[in-house]
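S.K.: Just one file: coords_20.cif, with mmCIF, N, CA and C atoms.
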data_query
#
loop_
_atom_site.group_PDB
_atom_site.id
_atom_site.type_symbol
_atom_site.label_atom_id
_atom_site.label_comp_id
_atom_site.auth_asym_id
_atom_site.auth_seq_id
_atom_site.Cartn_x
_atom_site.Cartn_y
_atom_site.Cartn_z
ATOM 1 N N MET A 547 -88.921 237.142 -165.776
ATOM 2 C CA MET A 547 -88.721 236.471 -164.511
ATOM 3 C C MET A 547 -89.092 234.995 -164.574
ATOM 4 N N TRP A 548 -89.965 234.629 -165.481
ATOM 5 C CA TRP A 548 -90.347 233.223 -165.556
ATOM 6 C C TRP A 548 -89.184 232.371 -166.038
ATOM 7 N N TYR A 549 -88.177 233.024 -166.650
ATOM 8 C CA TYR A 549 -86.978 232.311 -167.080
ATOM 9 C C TYR A 549 -86.223 231.724 -165.882
ATOM 10 N N PHE A 550 -86.153 232.512 -164.808
ATOM 11 C CA PHE A 550 -85.463 232.052 -163.608
ATOM 12 C C PHE A 550 -86.178 230.864 -162.979
ATOM 13 N N LYS A 551 -87.523 230.910 -162.950
ATOM 14 C CA LYS A 551 -88.300 229.806 -162.382
ATOM 15 C C LYS A 551 -88.116 228.544 -163.219
ATOM 16 N N LEU A 552 -88.156 228.695 -164.556
ATOM 17 C CA LEU A 552 -87.972 227.561 -165.445
ATOM 18 C C LEU A 552 -86.559 226.991 -165.285
ATOM 19 N N PHE A 553 -85.578 227.874 -165.198
ATOM 20 C CA PHE A 553 -84.201 227.436 -165.012
ATOM 21 C C PHE A 553 -84.030 226.697 -163.692
ATOM 22 N N ALA A 554 -84.649 227.205 -162.635
ATOM 23 C CA ALA A 554 -84.559 226.572 -161.311
ATOM 24 C C ALA A 554 -85.216 225.194 -161.325
ATOM 25 N N VAL A 555 -86.369 225.070 -161.991
ATOM 26 C CA VAL A 555 -87.057 223.780 -162.067
ATOM 27 C C VAL A 555 -86.229 222.781 -162.866
ATOM 28 N N LEU A 556 -85.695 223.208 -164.011
ATOM 29 C CA LEU A 556 -84.875 222.313 -164.828
ATOM 30 C C LEU A 556 -83.590 221.901 -164.103
ATOM 31 N N LEU A 557 -82.982 222.827 -163.421
ATOM 32 C CA LEU A 557 -81.770 222.526 -162.674
ATOM 33 C C LEU A 557 -82.060 221.534 -161.553
ATOM 34 N N THR A 558 -83.173 221.703 -160.887
ATOM 35 C CA THR A 558 -83.572 220.771 -159.824
ATOM 36 C C THR A 558 -83.823 219.374 -160.389
ATOM 37 N N CYS A 559 -84.498 219.319 -161.530
ATOM 38 C CA CYS A 559 -84.756 218.015 -162.159
ATOM 39 C C CYS A 559 -83.463 217.319 -162.557
ATOM 40 N N VAL A 560 -82.541 218.069 -163.117
ATOM 41 C CA VAL A 560 -81.264 217.494 -163.531
ATOM 42 C C VAL A 560 -80.500 216.978 -162.315
ATOM 43 N N LEU A 561 -80.490 217.742 -161.244
ATOM 44 C CA LEU A 561 -79.783 217.328 -160.036
ATOM 45 C C LEU A 561 -80.429 216.093 -159.416
ATOM 46 N N LEU A 562 -81.747 216.035 -159.414
ATOM 47 C CA LEU A 562 -82.434 214.874 -158.850
ATOM 48 C C LEU A 562 -82.231 213.629 -159.711
ATOM 49 N N LEU A 563 -82.248 213.798 -161.024
ATOM 50 C CA LEU A 563 -82.039 212.653 -161.905
ATOM 51 C C LEU A 563 -80.616 212.111 -161.785
ATOM 52 N N GLY A 564 -79.674 212.958 -161.461
ATOM 53 C CA GLY A 564 -78.299 212.521 -161.278
ATOM 54 C C GLY A 564 -78.129 211.676 -160.023
ATOM 55 N N GLN A 565 -79.026 211.821 -159.069
ATOM 56 C CA GLN A 565 -78.944 211.075 -157.817
ATOM 57 C C GLN A 565 -79.582 209.696 -157.901
ATOM 58 N N VAL A 566 -80.384 209.454 -158.923
ATOM 59 C CA VAL A 566 -81.117 208.194 -159.023
ATOM 60 C C VAL A 566 -80.207 207.116 -159.595
ATOM 61 N N ASP A 567 -80.126 206.012 -158.896
ATOM 62 C CA ASP A 567 -79.368 204.854 -159.378
ATOM 63 C C ASP A 567 -80.349 203.718 -159.600
ATOM 64 N N GLY A 568 -80.175 203.020 -160.696
ATOM 65 C CA GLY A 568 -81.009 201.854 -160.936
ATOM 66 C C GLY A 568 -80.555 200.709 -160.049
ATOM 67 N N SER A 569 -81.478 199.916 -159.597
ATOM 68 C CA SER A 569 -81.102 198.781 -158.766
ATOM 69 C C SER A 569 -80.402 197.743 -159.640
ATOM 70 N N PRO A 570 -79.362 197.132 -159.122
ATOM 71 C CA PRO A 570 -78.634 196.137 -159.926
ATOM 72 C C PRO A 570 -79.494 194.895 -160.167
ATOM 73 N N LEU A 571 -79.312 194.310 -161.313
ATOM 74 C CA LEU A 571 -80.044 193.100 -161.627
ATOM 75 C C LEU A 571 -79.460 191.935 -160.845
ATOM 76 N N PRO A 572 -80.308 191.067 -160.332
ATOM 77 C CA PRO A 572 -79.772 189.916 -159.595
ATOM 78 C C PRO A 572 -79.037 188.982 -160.548
ATOM 79 N N GLU A 573 -77.887 188.519 -160.099
ATOM 80 C CA GLU A 573 -77.097 187.622 -160.933
ATOM 81 C C GLU A 573 -77.664 186.215 -160.812
ATOM 82 N N LEU A 574 -77.955 185.633 -161.930
ATOM 83 C CA LEU A 574 -78.463 184.270 -161.937
ATOM 84 C C LEU A 574 -77.284 183.315 -161.916
ATOM 85 N N SER A 575 -77.357 182.350 -161.036
ATOM 86 C CA SER A 575 -76.271 181.372 -160.978
ATOM 87 C C SER A 575 -76.461 180.376 -162.115
ATOM 88 N N VAL A 576 -75.560 180.434 -163.035
ATOM 89 C CA VAL A 576 -75.620 179.559 -164.201
ATOM 90 C C VAL A 576 -74.642 178.418 -163.975
ATOM 91 N N ALA A 577 -75.128 177.218 -164.127
ATOM 92 C CA ALA A 577 -74.247 176.073 -163.959
ATOM 93 C C ALA A 577 -73.165 176.123 -165.029
ATOM 94 N N LYS A 578 -71.932 176.070 -164.591
ATOM 95 C CA LYS A 578 -70.830 176.156 -165.541
ATOM 96 C C LYS A 578 -70.590 174.787 -166.154
ATOM 97 N N ARG A 579 -70.466 174.786 -167.439
ATOM 98 C CA ARG A 579 -70.235 173.546 -168.162
ATOM 99 C C ARG A 579 -68.739 173.309 -168.275
ATOM 100 N N MET A 580 -68.339 172.082 -168.040
ATOM 101 C CA MET A 580 -66.921 171.763 -168.171
ATOM 102 C C MET A 580 -66.514 171.855 -169.629
ATOM 103 N N LYS A 581 -65.291 172.323 -169.847
ATOM 104 C CA LYS A 581 -64.794 172.438 -171.209
ATOM 105 C C LYS A 581 -64.501 171.048 -171.752
ATOM 106 N N ARG A 582 -64.867 170.840 -172.985
ATOM 107 C CA ARG A 582 -64.576 169.571 -173.626
ATOM 108 C C ARG A 582 -63.207 169.660 -174.283
ATOM 109 N N MET A 583 -62.444 168.606 -174.115
ATOM 110 C CA MET A 583 -61.123 168.586 -174.725
ATOM 111 C C MET A 583 -61.188 167.798 -176.023
ATOM 112 N N THR A 584 -60.469 168.266 -177.009
ATOM 113 C CA THR A 584 -60.387 167.540 -178.276
ATOM 114 C C THR A 584 -59.519 166.305 -178.062
ATOM 115 N N PRO A 585 -59.643 165.304 -178.921
ATOM 116 C CA PRO A 585 -58.812 164.101 -178.760
ATOM 117 C C PRO A 585 -57.320 164.400 -178.709
ATOM 118 N N PHE A 586 -56.872 165.406 -179.445
ATOM 119 C CA PHE A 586 -55.444 165.763 -179.417
ATOM 120 C C PHE A 586 -55.017 166.171 -178.017
ATOM 121 N N TRP A 587 -55.751 167.119 -177.401
ATOM 122 C CA TRP A 587 -55.371 167.608 -176.079
ATOM 123 C C TRP A 587 -55.601 166.562 -175.003
ATOM 124 N N ARG A 588 -56.565 165.692 -175.211
ATOM 125 C CA ARG A 588 -56.799 164.614 -174.258
ATOM 126 C C ARG A 588 -55.585 163.687 -174.214
ATOM 127 N N GLY A 589 -55.016 163.406 -175.390
ATOM 128 C CA GLY A 589 -53.838 162.548 -175.450
ATOM 129 C C GLY A 589 -52.599 163.223 -174.915
ATOM 130 N N VAL A 590 -52.453 164.515 -175.148
ATOM 131 C CA VAL A 590 -51.278 165.252 -174.706
ATOM 132 C C VAL A 590 -51.291 165.466 -173.194
ATOM 133 N N SER A 591 -52.471 165.604 -172.625
ATOM 134 C CA SER A 591 -52.565 165.996 -171.221
ATOM 135 C C SER A 591 -52.713 164.826 -170.257
ATOM 136 N N LEU A 592 -52.555 163.592 -170.719
ATOM 137 C CA LEU A 592 -52.657 162.458 -169.801
ATOM 138 C C LEU A 592 -51.527 162.494 -168.789
ATOM 139 N N ARG A 593 -51.840 162.148 -167.554
ATOM 140 C CA ARG A 593 -50.878 162.274 -166.465
ATOM 141 C C ARG A 593 -50.104 160.973 -166.254
ATOM 142 N N PRO A 594 -48.847 161.091 -165.845
ATOM 143 C CA PRO A 594 -48.023 159.898 -165.626
ATOM 144 C C PRO A 594 -48.387 159.186 -164.327
ATOM 145 N N ILE A 595 -47.815 158.017 -164.129
ATOM 146 C CA ILE A 595 -48.066 157.215 -162.921
ATOM 147 C C ILE A 595 -47.576 157.996 -161.704
ATOM 148 N N GLY A 596 -48.421 158.061 -160.681
ATOM 149 C CA GLY A 596 -48.085 158.766 -159.439
ATOM 150 C C GLY A 596 -48.598 160.194 -159.390
ATOM 151 N N ALA A 597 -49.061 160.730 -160.497
ATOM 152 C CA ALA A 597 -49.592 162.100 -160.512
ATOM 153 C C ALA A 597 -50.977 162.110 -159.884
ATOM 154 N N SER A 598 -51.382 163.253 -159.365
ATOM 155 C CA SER A 598 -52.717 163.352 -158.766
ATOM 156 C C SER A 598 -53.771 163.360 -159.873
ATOM 157 N N CYS A 599 -54.946 162.802 -159.547
ATOM 158 C CA CYS A 599 -56.007 162.718 -160.542
ATOM 159 C C CYS A 599 -57.368 162.751 -159.849
ATOM 160 N N ARG A 600 -58.399 163.010 -160.628
ATOM 161 C CA ARG A 600 -59.771 163.004 -160.116
ATOM 162 C C ARG A 600 -60.568 161.825 -160.640
ATOM 163 N N ASP A 601 -60.287 161.393 -161.862
ATOM 164 C CA ASP A 601 -60.981 160.225 -162.408
ATOM 165 C C ASP A 601 -60.071 159.498 -163.397
ATOM 166 N N ASP A 602 -60.529 158.330 -163.830
ATOM 167 C CA ASP A 602 -59.704 157.458 -164.671
ATOM 168 C C ASP A 602 -59.295 158.097 -165.997
ATOM 169 N N SER A 603 -60.105 159.004 -166.517
ATOM 170 C CA SER A 603 -59.820 159.573 -167.832
ATOM 171 C C SER A 603 -58.602 160.494 -167.834
ATOM 172 N N GLU A 604 -58.131 160.905 -166.666
ATOM 173 C CA GLU A 604 -56.992 161.829 -166.596
ATOM 174 C C GLU A 604 -55.643 161.113 -166.630
ATOM 175 N N CYS A 605 -55.617 159.810 -166.353
ATOM 176 C CA CYS A 605 -54.351 159.080 -166.236
ATOM 177 C C CYS A 605 -53.985 158.397 -167.543
ATOM 178 N N ILE A 606 -52.681 158.291 -167.758
ATOM 179 C CA ILE A 606 -52.212 157.617 -168.967
ATOM 180 C C ILE A 606 -52.534 156.128 -168.900
ATOM 181 N N THR A 607 -52.600 155.561 -167.690
ATOM 182 C CA THR A 607 -52.940 154.139 -167.523
ATOM 183 C C THR A 607 -54.444 153.916 -167.403
ATOM 184 N N LYS A 608 -55.217 155.009 -167.352
ATOM 185 C CA LYS A 608 -56.675 154.955 -167.177
ATOM 186 C C LYS A 608 -57.073 154.336 -165.842
ATOM 187 N N LEU A 609 -56.171 154.399 -164.841
ATOM 188 C CA LEU A 609 -56.459 153.874 -163.505
ATOM 189 C C LEU A 609 -56.165 154.940 -162.459
ATOM 190 N N CYS A 610 -57.194 155.557 -161.921
ATOM 191 C CA CYS A 610 -57.042 156.560 -160.868
ATOM 192 C C CYS A 610 -57.494 155.909 -159.561
ATOM 193 N N ARG A 611 -56.555 155.672 -158.646
ATOM 194 C CA ARG A 611 -56.864 155.039 -157.370
ATOM 195 C C ARG A 611 -56.368 155.924 -156.246
ATOM 196 N N LYS A 612 -57.227 156.206 -155.289
ATOM 197 C CA LYS A 612 -56.898 157.059 -154.143
ATOM 198 C C LYS A 612 -56.314 158.393 -154.590
ATOM 199 N N ARG A 613 -56.918 158.957 -155.634
ATOM 200 C CA ARG A 613 -56.552 160.266 -156.196
ATOM 201 C C ARG A 613 -55.126 160.300 -156.756
ATOM 202 N N ARG A 614 -54.592 159.136 -157.154
ATOM 203 C CA ARG A 614 -53.279 159.049 -157.792
ATOM 204 C C ARG A 614 -53.371 158.135 -159.002
ATOM 205 N N CYS A 615 -52.642 158.474 -160.056
ATOM 206 C CA CYS A 615 -52.597 157.602 -161.235
ATOM 207 C C CYS A 615 -51.813 156.346 -160.873
ATOM 208 N N SER A 616 -52.433 155.206 -161.105
ATOM 209 C CA SER A 616 -51.861 153.941 -160.670
ATOM 210 C C SER A 616 -51.489 153.086 -161.870
ATOM 211 N N LEU A 617 -50.591 152.113 -161.635
ATOM 212 C CA LEU A 617 -50.186 151.187 -162.668
ATOM 213 C C LEU A 617 -51.024 149.910 -162.605
ATOM 214 N N SER A 618 -51.433 149.532 -161.399
ATOM 215 C CA SER A 618 -52.211 148.306 -161.237
ATOM 216 C C SER A 618 -53.560 148.615 -160.591
ATOM 217 N N VAL A 619 -54.486 147.681 -160.736
ATOM 218 C CA VAL A 619 -55.835 147.870 -160.209
ATOM 219 C C VAL A 619 -55.834 147.838 -158.684
ATOM 220 N N ALA A 620 -55.159 146.875 -158.102
ATOM 221 C CA ALA A 620 -55.102 146.747 -156.641
ATOM 222 C C ALA A 620 -53.774 147.250 -156.133
ATOM 223 N N GLN A 621 -53.822 148.269 -155.277
ATOM 224 C CA GLN A 621 -52.586 148.777 -154.689
ATOM 225 C C GLN A 621 -52.306 148.057 -153.387
ATOM 226 N N GLU A 622 -51.035 147.856 -153.109
ATOM 227 C CA GLU A 622 -50.658 147.143 -151.883
ATOM 228 C C GLU A 622 -50.238 148.123 -150.819
#
Using C-alpha cells, write down the structure from this file.
M.R.:
Amino acid sequence: MWYFKLFAVLLTCVLLLGQVDGSPLPELSVAKRMKRMTPFWRGVSLRPIGASCRDDSECITKLCRKRRCSLSVAQE
C-alpha cells in the first residue's frame, strides 16, 4: 500500500512542478550602435541633389540643407 502513497506524492510533485513558471528576465535597453559603412558602400550610397537627407555625409555634394541634398550653400 505504501506504493500508492509514494505514487500519489510523486504525481502531485510532478503536477505542481509543471505549473511553475520562471519569471522572465527584464530586458536591458542596450543602446544600438549605428552600422559603419565601408568606403565602397559610402561612395555607392551617396544621394543625388534634391533627395532627402539627415546630414551632410549622405549627399553626393556633401551639403544637406533643410533635409534635402543641395547644390549650393545658400538656398534661395
S.K.: Which distance in Å separates atom N of A:Asp602 and atom N of A:Trp587, to one decimal?
M.R.: 16.9 Å
S.K.: Quote the spacing between atom CA of A:Trp548 and atom CA of A:Gly564 in Å to one decimal place.
M.R.: 24.3 Å
S.K.: Give me, please, the distance in Å between atom CA of A:Cys615 and atom CA of A:Thr584, quoted to one decimal.
M.R.: 21.2 Å
S.K.: Which residues would end up in the selection if the PyMOL selection byres (((chain A and resi 600 and name CA) around 12) and name CA) were applied here, given that I need the answer as a list in words?
M.R.: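 For this structure, the PyMOL selection byres (((chain A and resi 600 and name CA) around 12) and name CA) captures Arg593, Ala597, Ser598, Cys599, Asp601, Asp602, Ser603, Glu604, Cys605, Lys608, Leu609, Cys610, Arg611, Lys612, Arg613, Arg614 and Cys615 of chain A.
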